[in-house]
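A.B. asks: So here's coords33.csv (CSV, C-alpha atoms).
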chain,number,residue,atom,x,y,z
A,1065,MET,CA,82.3,-12.9,33.4
A,1066,SER,CA,80.7,-9.5,33.6
A,1067,ASP,CA,77.8,-7.7,35.1
A,1068,LEU,CA,77.2,-9.5,38.4
A,1069,HIS,CA,75.0,-6.6,39.7
A,1070,PHE,CA,75.5,-8.0,43.3
A,1071,GLY,CA,72.8,-6.5,45.5
A,1072,ALA,CA,70.1,-6.2,42.9
A,1073,ARG,CA,66.9,-7.8,43.9
A,1074,ASN,CA,66.8,-10.2,40.9
A,1075,ALA,CA,70.5,-10.5,40.3
A,1076,PHE,CA,70.8,-14.1,41.6
A,1077,PRO,CA,67.3,-15.5,41.3
A,1078,GLU,CA,68.4,-19.2,41.0
A,1079,PRO,CA,69.2,-20.6,44.4
A,1080,ARG,CA,72.1,-22.7,43.0
A,1081,SER,CA,73.8,-19.9,41.0
A,1082,GLU,CA,76.8,-19.7,43.3
A,1083,THR,CA,77.2,-23.5,43.6
A,1084,ALA,CA,76.8,-24.0,39.9
A,1085,LEU,CA,79.5,-21.4,39.1
A,1086,ALA,CA,81.8,-23.0,41.6
A,1087,GLU,CA,81.3,-26.4,40.0
A,1088,LEU,CA,82.1,-24.9,36.6
A,1089,VAL,CA,85.2,-23.2,37.8
A,1090,ALA,CA,86.4,-26.4,39.5
A,1091,SER,CA,85.8,-28.2,36.2
A,1092,VAL,CA,87.6,-25.6,34.0
A,1093,ARG,CA,90.3,-24.8,36.5
A,1094,PRO,CA,91.0,-21.4,35.0
A,1095,ALA,CA,94.4,-19.7,35.3
A,1096,LEU,CA,92.4,-16.5,35.9
A,1097,VAL,CA,88.8,-15.3,36.3
A,1098,ILE,CA,88.2,-11.9,34.8
A,1099,ALA,CA,85.3,-9.8,36.2
A,1100,SER,CA,84.8,-7.0,33.7
A,1101,GLY,CA,82.7,-4.5,35.7
A,1102,ASP,CA,79.3,-3.9,37.2
A,1103,LEU,CA,80.2,-6.2,40.1
A,1104,THR,CA,77.6,-4.3,42.2
A,1105,HIS,CA,74.2,-2.7,41.4
A,1106,ARG,CA,74.4,0.5,43.5
A,1107,GLY,CA,78.1,0.7,44.5
A,1108,THR,CA,77.5,0.5,48.2
A,1109,ALA,CA,80.2,-0.7,50.6
A,1110,ALA,CA,78.0,-3.7,51.5
A,1111,GLN,CA,77.5,-4.7,47.9
A,1112,HIS,CA,81.2,-4.3,47.0
A,1113,HIS,CA,82.1,-6.5,50.0
A,1114,GLY,CA,79.5,-9.1,49.0
A,1115,ALA,CA,80.6,-9.2,45.4
A,1116,ALA,CA,84.3,-9.5,46.4
A,1117,ALA,CA,83.5,-12.4,48.8
A,1118,PHE,CA,81.5,-14.1,46.1
A,1119,LEU,CA,84.3,-13.9,43.6
A,1120,ARG,CA,87.1,-14.8,46.0
A,1121,GLY,CA,85.1,-17.9,47.0
A,1122,LEU,CA,85.6,-19.3,43.5
A,1123,ASP,CA,89.1,-20.6,44.5
A,1124,ALA,CA,90.8,-19.0,41.5
A,1125,PRO,CA,92.8,-15.9,40.9
A,1126,ILE,CA,90.6,-12.9,40.2
A,1127,LEU,CA,91.2,-9.7,38.2
A,1128,ALA,CA,88.4,-7.1,38.5
A,1129,VAL,CA,87.7,-3.8,36.8
A,1130,PRO,CA,84.9,-1.4,37.6
A,1131,GLY,CA,81.7,-0.8,35.7
A,1132,ASN,CA,79.4,2.2,35.7
A,1133,HIS,CA,77.2,0.5,38.4
A,1134,ASP,CA,80.2,0.3,40.7
A,1135,LEU,CA,80.1,4.0,41.2
A,1136,PRO,CA,78.3,5.3,44.3
A,1137,HIS,CA,74.6,5.8,43.4
A,1138,THR,CA,74.3,9.1,45.2
A,1139,VAL,CA,76.0,12.5,44.9
A,1140,PRO,CA,78.4,14.0,45.9
A,1141,ALA,CA,80.1,10.6,46.5
A,1142,ARG,CA,79.8,9.7,42.9
A,1143,PHE,CA,82.2,12.6,42.0
A,1144,THR,CA,84.2,13.2,45.2
A,1145,HIS,CA,85.4,9.6,45.8
A,1146,PRO,CA,84.0,7.5,43.0
A,1147,TRP,CA,86.4,4.5,43.5
A,1148,ARG,CA,86.8,4.4,47.3
A,1149,GLU,CA,84.6,1.3,47.9
A,1150,PHE,CA,85.9,-0.5,44.8
A,1151,GLU,CA,89.5,0.1,45.7
A,1152,ARG,CA,88.8,-0.9,49.3
A,1153,GLU,CA,88.3,-4.4,48.0
A,1154,TRP,CA,90.5,-4.5,44.9
A,1155,GLN,CA,93.2,-1.9,45.6
A,1156,THR,CA,93.2,-0.5,42.1
A,1157,THR,CA,90.8,0.1,39.2
A,1158,GLU,CA,93.5,-0.8,36.6
A,1159,PRO,CA,95.1,-4.1,37.7
A,1160,VAL,CA,97.6,-6.3,35.9
A,1161,PHE,CA,97.9,-10.1,36.1
A,1162,ALA,CA,101.2,-11.6,34.8
A,1163,SER,CA,102.3,-15.2,34.4
A,1164,PRO,CA,104.4,-17.0,31.9
A,1165,ASP,CA,101.3,-17.9,29.9
A,1166,LEU,CA,98.9,-15.0,30.4
A,1167,HIS,CA,99.3,-11.3,30.7
A,1168,VAL,CA,96.1,-9.3,31.4
A,1169,VAL,CA,95.9,-5.5,31.6
A,1170,GLY,CA,92.8,-4.0,33.2
A,1171,LEU,CA,91.6,-0.5,32.3
A,1172,ASN,CA,88.9,1.7,33.9
A,1173,SER,CA,86.5,2.8,31.1
A,1174,VAL,CA,83.9,4.4,33.5
A,1175,ARG,CA,83.3,8.1,33.5
A,1176,PRO,CA,81.6,9.3,36.7
A,1177,TRP,CA,79.9,12.2,34.9
A,1178,HIS,CA,78.2,9.9,32.4
A,1179,HIS,CA,75.4,7.5,33.4
A,1180,GLN,CA,76.1,4.8,30.8
A,1181,SER,CA,78.8,5.6,28.2
A,1182,GLY,CA,82.5,5.0,28.7
A,1183,GLY,CA,85.8,6.0,27.3
A,1184,LEU,CA,89.6,5.6,27.6
A,1185,ARG,CA,92.1,8.5,27.6
A,1186,ASP,CA,95.3,8.4,25.5
A,1187,GLU,CA,97.2,8.4,28.7
A,1188,GLN,CA,95.5,5.1,29.7
A,1189,LEU,CA,96.3,3.6,26.3
A,1190,ASP,CA,99.9,4.7,26.6
A,1191,GLU,CA,100.1,3.0,30.0
A,1192,ALA,CA,98.4,-0.1,28.6
A,1193,ALA,CA,101.1,-0.3,25.9
A,1194,ARG,CA,103.9,-0.1,28.5
A,1195,ARG,CA,102.3,-2.8,30.5
A,1196,LEU,CA,101.6,-5.1,27.5
A,1197,ALA,CA,105.3,-4.7,26.5
A,1198,THR,CA,106.3,-6.4,29.8
A,1199,ALA,CA,104.5,-9.7,28.9
A,1200,ALA,CA,106.5,-12.9,28.9
A,1201,PRO,CA,107.4,-14.2,25.5
A,1202,GLY,CA,104.5,-16.3,24.1
A,1203,ALA,CA,102.0,-15.2,26.8
A,1204,LEU,CA,98.5,-14.4,25.7
A,1205,ARG,CA,98.1,-10.6,25.9
A,1206,VAL,CA,94.7,-9.5,27.1
A,1207,VAL,CA,93.1,-6.1,27.8
A,1208,THR,CA,89.8,-5.8,29.7
A,1209,PHE,CA,87.5,-3.0,30.5
A,1210,HIS,CA,83.8,-2.7,31.1
A,1211,HIS,CA,82.3,-1.0,28.1
A,1212,GLN,CA,81.9,-2.9,24.8
A,1213,LEU,CA,83.8,-2.3,21.6
A,1214,ALA,CA,81.5,-4.4,19.5
A,1215,ASN,CA,77.7,-4.2,19.9
A,1216,ALA,CA,75.8,-7.3,20.6
A,1217,PRO,CA,73.9,-9.0,17.7
A,1218,TRP,CA,70.5,-8.3,19.4
A,1219,ARG,CA,69.0,-4.9,20.1
A,1220,THR,CA,70.5,-2.6,22.7
A,1221,ARG,CA,70.5,1.2,23.3
A,1222,LYS,CA,73.9,1.2,25.0
A,1223,ARG,CA,76.5,3.0,23.0
A,1224,PRO,CA,79.9,1.4,22.6
A,1225,LEU,CA,83.1,2.8,24.0
A,1226,ALA,CA,83.9,6.3,22.8
A,1227,ARG,CA,86.5,6.5,20.0
A,1228,ARG,CA,86.4,2.7,19.7
A,1229,SER,CA,88.2,2.5,16.3
A,1230,HIS,CA,91.1,4.6,17.8
A,1231,VAL,CA,91.2,2.5,21.0
A,1232,LEU,CA,91.1,-0.8,19.0
A,1233,ALA,CA,93.9,0.3,16.7
A,1234,ARG,CA,96.1,1.5,19.6
A,1235,LEU,CA,95.6,-1.7,21.6
A,1236,ALA,CA,96.2,-3.9,18.6
A,1237,ALA,CA,99.4,-2.0,17.8
A,1238,SER,CA,100.5,-2.5,21.4
A,1239,GLY,CA,100.3,-6.2,21.0
A,1240,ALA,CA,96.9,-7.1,22.5
A,1241,GLU,CA,95.5,-10.4,21.2
A,1242,LEU,CA,92.2,-10.4,23.1
A,1243,ILE,CA,90.1,-7.5,24.2
A,1244,VAL,CA,87.3,-8.3,26.7
A,1245,GLY,CA,84.3,-6.2,27.7
A,1246,GLY,CA,80.7,-6.5,28.9
A,1247,HIS,CA,78.1,-3.9,29.8
A,1248,VAL,CA,75.3,-4.9,27.3
A,1249,HIS,CA,74.4,-8.3,28.9
A,1250,GLN,CA,74.7,-10.0,25.5
A,1251,VAL,CA,77.5,-11.9,23.9
A,1252,SER,CA,79.5,-10.9,20.8
A,1253,VAL,CA,82.8,-12.4,19.6
A,1254,ALA,CA,84.6,-11.4,16.4
A,1255,GLU,CA,88.1,-11.1,15.0
A,1256,ARG,CA,89.3,-7.7,13.8
A,1257,HIS,CA,89.6,-8.6,10.2
A,1258,GLU,CA,86.0,-9.9,10.1
A,1259,PHE,CA,84.6,-6.4,10.5
A,1260,ALA,CA,87.3,-4.0,9.3
A,1261,VAL,CA,89.2,-3.6,6.0
A,1262,LEU,CA,92.8,-3.4,7.1
A,1263,PRO,CA,96.2,-3.4,5.4
A,1264,GLY,CA,98.0,-6.7,5.3
A,1265,GLU,CA,100.4,-5.9,8.1
A,1266,ALA,CA,97.6,-4.9,10.6
A,1267,ARG,CA,97.6,-7.1,13.6
A,1268,SER,CA,94.7,-9.4,14.3
A,1269,VAL,CA,92.9,-9.2,17.6
A,1270,VAL,CA,89.8,-10.9,19.0
A,1271,VAL,CA,87.1,-8.6,20.4
A,1272,ALA,CA,84.8,-10.3,22.9
A,1273,THR,CA,81.7,-8.9,24.8
A,1274,ALA,CA,80.7,-11.2,27.7
A,1275,PRO,CA,77.0,-11.9,28.4
A,1276,GLY,CA,75.7,-10.7,31.7
A,1277,PHE,CA,76.4,-13.1,34.5
A,1278,SER,CA,73.2,-12.1,36.3
A,1279,ARG,CA,69.8,-10.7,35.3
A,1280,PRO,CA,68.8,-7.8,37.5
A,1281,ARG,CA,66.0,-7.1,35.1
A,1282,PRO,CA,64.8,-10.6,34.0
A,1283,GLY,CA,62.2,-9.4,31.5
A,1284,ARG,CA,64.5,-7.1,29.6
A,1285,LEU,CA,65.1,-8.5,26.1
A,1286,GLY,CA,65.0,-12.0,27.5
A,1287,GLU,CA,68.7,-11.8,28.2
A,1288,ALA,CA,70.5,-15.1,28.7
A,1289,GLN,CA,72.7,-15.5,31.8
A,1290,GLY,CA,76.1,-16.5,30.8
A,1291,LEU,CA,79.9,-16.2,30.7
A,1292,LEU,CA,82.8,-16.8,28.3
A,1293,VAL,CA,85.6,-19.4,28.7
A,1294,TYR,CA,88.9,-18.8,26.9
A,1295,THR,CA,91.3,-21.6,26.1
A,1296,VAL,CA,94.7,-20.8,24.6
A,1297,ASP,CA,97.6,-22.7,23.1
A,1298,PRO,CA,100.6,-21.5,21.1
A,1299,ALA,CA,98.7,-21.5,17.8
A,1300,SER,CA,95.1,-20.7,18.7
A,1301,LEU,CA,92.6,-19.0,21.0
A,1302,ALA,CA,89.2,-20.7,21.6
A,1303,VAL,CA,86.2,-18.8,23.0
A,1304,ALA,CA,83.3,-20.8,24.4
A,1305,THR,CA,80.0,-19.4,25.5
A,1306,TYR,CA,78.3,-20.9,28.5
A,1307,VAL,CA,74.7,-20.2,29.5
A,1308,ARG,CA,72.7,-21.0,32.6
A,1309,ARG,CA,70.2,-23.8,32.1
A,1310,ASP,CA,68.2,-25.5,34.9
A,1311,GLU,CA,70.7,-26.0,37.7
A,1312,GLY,CA,74.0,-25.9,35.7
A,1313,TRP,CA,76.0,-24.4,32.9
A,1314,THR,CA,75.9,-25.5,29.2
A,1315,ALA,CA,78.4,-24.7,26.5
A,1316,THR,CA,76.3,-23.4,23.5
A,1317,ALA,CA,79.0,-22.3,21.1
A,1318,THR,CA,82.8,-22.3,20.6
A,1319,ARG,CA,84.8,-20.2,18.2
A,1320,THR,CA,88.5,-20.7,17.5
A,1321,PHE,CA,90.9,-18.1,16.1
A,1322,PRO,CA,94.6,-18.2,15.2
A,1323,ARG,CA,96.8,-16.4,17.6
A,1324,ALA,CA,97.6,-12.8,16.7
A,1325,ARG,CA,100.2,-12.2,13.9
Could you express the structure from this file as structure tokens?

C.D. replies:
Amino acid sequence: MSDLHFGARNAFPEPRSETALAELVASVRPALVIASGDLTHRGTAAQHHGAAAFLRGLDAPILAVPGNHDLPHTVPARFTHPWREFEREWQTTEPVFASPDLHVVGLNSVRPWHHQSGGLRDEQLDEAARRLATAAPGALRVVTFHHQLANAPWRTRKRPLARRSHVLARLAASGAELIVGGHVHQVSVAERHEFAVLPGEARSVVVATAPGFSRPRPGRLGEAQGLLVYTVDPASLAVATYVRRDEGWTATATRTFPRAR
């Protein structure tokens, strides 16, 4: 899930949003819930605390990375201590989750001096490679950050991650099988070979952009409120899109990909 925007006036307009999500989590029983940024709307201490309490109430392990809205909204705090409130709740902006079946590396793609756009330094990619190399044999290797690599199919003015081709190539070469982002409040799922001409030995990797979990601006582009559910086995990775309808969640599409080779 991505883009909760906790604290925005219209972020959770439906009274049963929290209950419906808890019911979906109880049904799916995920090994991990990934929250890929913009947990808050203005980055205040109260909003960070509320978002963390909401996520921890789901009764599932949580891995959270920051988005641009998780920065303090005011200066100089935005530049002098940009991650103090986020780290107060989550300890780090670049967490790792490791189990025998799943290995997730979180990266911080937010740049405090930019309002919207994001990027990753080579030092961050080097560290991601080292962390991916520690994955258990056969574990699904995932990298998550806030900004999207692939643009959504509908219109958006938000630019994708800086140097995205370089980032994608580095992460794929490091063994990532799934790269998860958000930011644009619209879903996009594709496999690397679907959009790039690559040599035969180039590794496949699934690139997913999660829809927005909340709608802080309900009228903007008619954005659907949704999330993605990943199911993995030794041979395949399935990505299901769930959207909010009435008082529950409905699966609208599922795409299945072979595991990375």

A.B. asks: Residues at most 7 Å from segment 1120-1130 of chain A, counting all atoms listed in the file, excluding those fewer than 4 positions away in the same chain, as a PDB file with C-alpha atoms, keeping the file's coordinate frame?

C.D. replies:
ATOM      1  CA  ALA A1086      81.800 -23.000  41.600  1.00  0.00           C
ATOM      2  CA  VAL A1089      85.200 -23.200  37.800  1.00  0.00           C
ATOM      3  CA  PRO A1094      91.000 -21.400  35.000  1.00  0.00           C
ATOM      4  CA  ALA A1095      94.400 -19.700  35.300  1.00  0.00           C
ATOM      5  CA  LEU A1096      92.400 -16.500  35.900  1.00  0.00           C
ATOM      6  CA  VAL A1097      88.800 -15.300  36.300  1.00  0.00           C
ATOM      7  CA  ILE A1098      88.200 -11.900  34.800  1.00  0.00           C
ATOM      8  CA  ALA A1099      85.300  -9.800  36.200  1.00  0.00           C
ATOM      9  CA  SER A1100      84.800  -7.000  33.700  1.00  0.00           C
ATOM     10  CA  GLY A1101      82.700  -4.500  35.700  1.00  0.00           C
ATOM     11  CA  ASP A1102      79.300  -3.900  37.200  1.00  0.00           C
ATOM     12  CA  ALA A1116      84.300  -9.500  46.400  1.00  0.00           C
ATOM     13  CA  ASP A1134      80.200   0.300  40.700  1.00  0.00           C
ATOM     14  CA  THR A1157      90.800   0.100  39.200  1.00  0.00           C
ATOM     15  CA  GLU A1158      93.500  -0.800  36.600  1.00  0.00           C
ATOM     16  CA  PRO A1159      95.100  -4.100  37.700  1.00  0.00           C
ATOM     17  CA  GLY A1170      92.800  -4.000  33.200  1.00  0.00           C
ATOM     18  CA  LEU A1171      91.600  -0.500  32.300  1.00  0.00           C
ATOM     19  CA  ASN A1172      88.900   1.700  33.900  1.00  0.00           C
ATOM     20  CA  PHE A1209      87.500  -3.000  30.500  1.00  0.00           C
ATOM     21  CA  HIS A1210      83.800  -2.700  31.100  1.00  0.00           C
TER      22      HIS A1210
END

A.B. asks: Using all atoms listed in the file, pick whichever of A:Pro1146, A:Gly1183, A:Gly1290, A:Pro1298 has the shortest atom-to-atom distance to Thr1314 of chain A.

C.D. replies: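 Closest candidate: A:Gly1290.
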
A.B. asks: Please report the interatomic distance between atom CA of Met1065 of chain A and atom CA of Val1271 of chain A in Å with one decimal.

C.D. replies: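 Atom CA of Met1065 of chain A sits 14.5 Å away from atom CA of Val1271 of chain A.
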
A.B. asks: So how far away is atom CA of Val1174 of chain A from atom CA of Asp1067 of chain A, in Å?

C.D. replies: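 Spanning atom CA of Asp1067 of chain A to atom CA of Val1174 of chain A is a straight-line distance of 13.6 Å.
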
A.B. asks: Between A:His1137, A:Arg1234, A:His1069, A:Arg1309, which one has atoms that come closest to His1247 of chain A, using all atoms listed in the file?

C.D. replies: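 Between A:His1137, A:Arg1234, A:His1069, A:Arg1309, the residue approaching His1247 of chain A most closely is A:His1069.
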
A.B. asks: Which protein, DNA or RNA residues have an atom at most 12 Å from (97.6, -5.9, 24.3), counting all atoms listed in the file? List them as a PyMOL selection string.

C.D. replies: chain A and resi 1160+1166-1171+1189-1199+1203-1208+1231-1244+1267-1271+1324

A.B. asks: Excluding Phe1070 of chain A and any residue of its chain fewer than 5 positions from it, enumerate the residues within 7 Å of it, using all atoms listed in the file, and give them as a list of chain:residue names.

C.D. replies: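 Everything that qualifies: A:Ala1075, A:Leu1103, A:Thr1104, A:His1105, A:Gln1111, A:Ala1115.
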
A.B. asks: May I ask for the distance between atom CA of Ser1066 of chain A and atom CA of Thr1220 of chain A, given in Å to one decimal place?

C.D. replies: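 Separation between atom CA of Ser1066 of chain A and atom CA of Thr1220 of chain A: 16.4 Å.
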
A.B. asks: Applying 9 Å and only C-alpha atoms, which residues near Val1296 of chain A remain after dropping the ones on its own chain fewer than 5 positions away? List them as a PyMOL selection string.

C.D. replies: chain A and resi 1165+1204+1301-1303+1323

A.B. asks: Here is a test: counting only C-alpha atoms, which residue of A:Thr1138, A:Ala1254, A:Arg1279, A:Lys1222 is nearest to Ala1072 of chain A?

C.D. replies: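 Checking each of A:Thr1138, A:Ala1254, A:Arg1279, A:Lys1222 against Ala1072 of chain A, counting only C-alpha atoms, the winner is A:Arg1279.
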
A.B. asks: Skip Val1307 of chain A itself and residues of its chain fewer than 4 positions away, then list as a ChimeraX atom specification all residues within 9 Å of it, counting all atoms listed in the file.

C.D. replies: /A:1275,1277,1288-1292,1312-1316

A.B. asks: From the set A:Asn1215, A:Leu1135, A:Pro1164, A:Ser1252, which residue has the shortest atom-to-atom contact distance to Trp1177 of chain A, counting only C-alpha atoms?

C.D. replies: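 Residue with the minimum atom-to-atom distance to Trp1177 of chain A: A:Leu1135.
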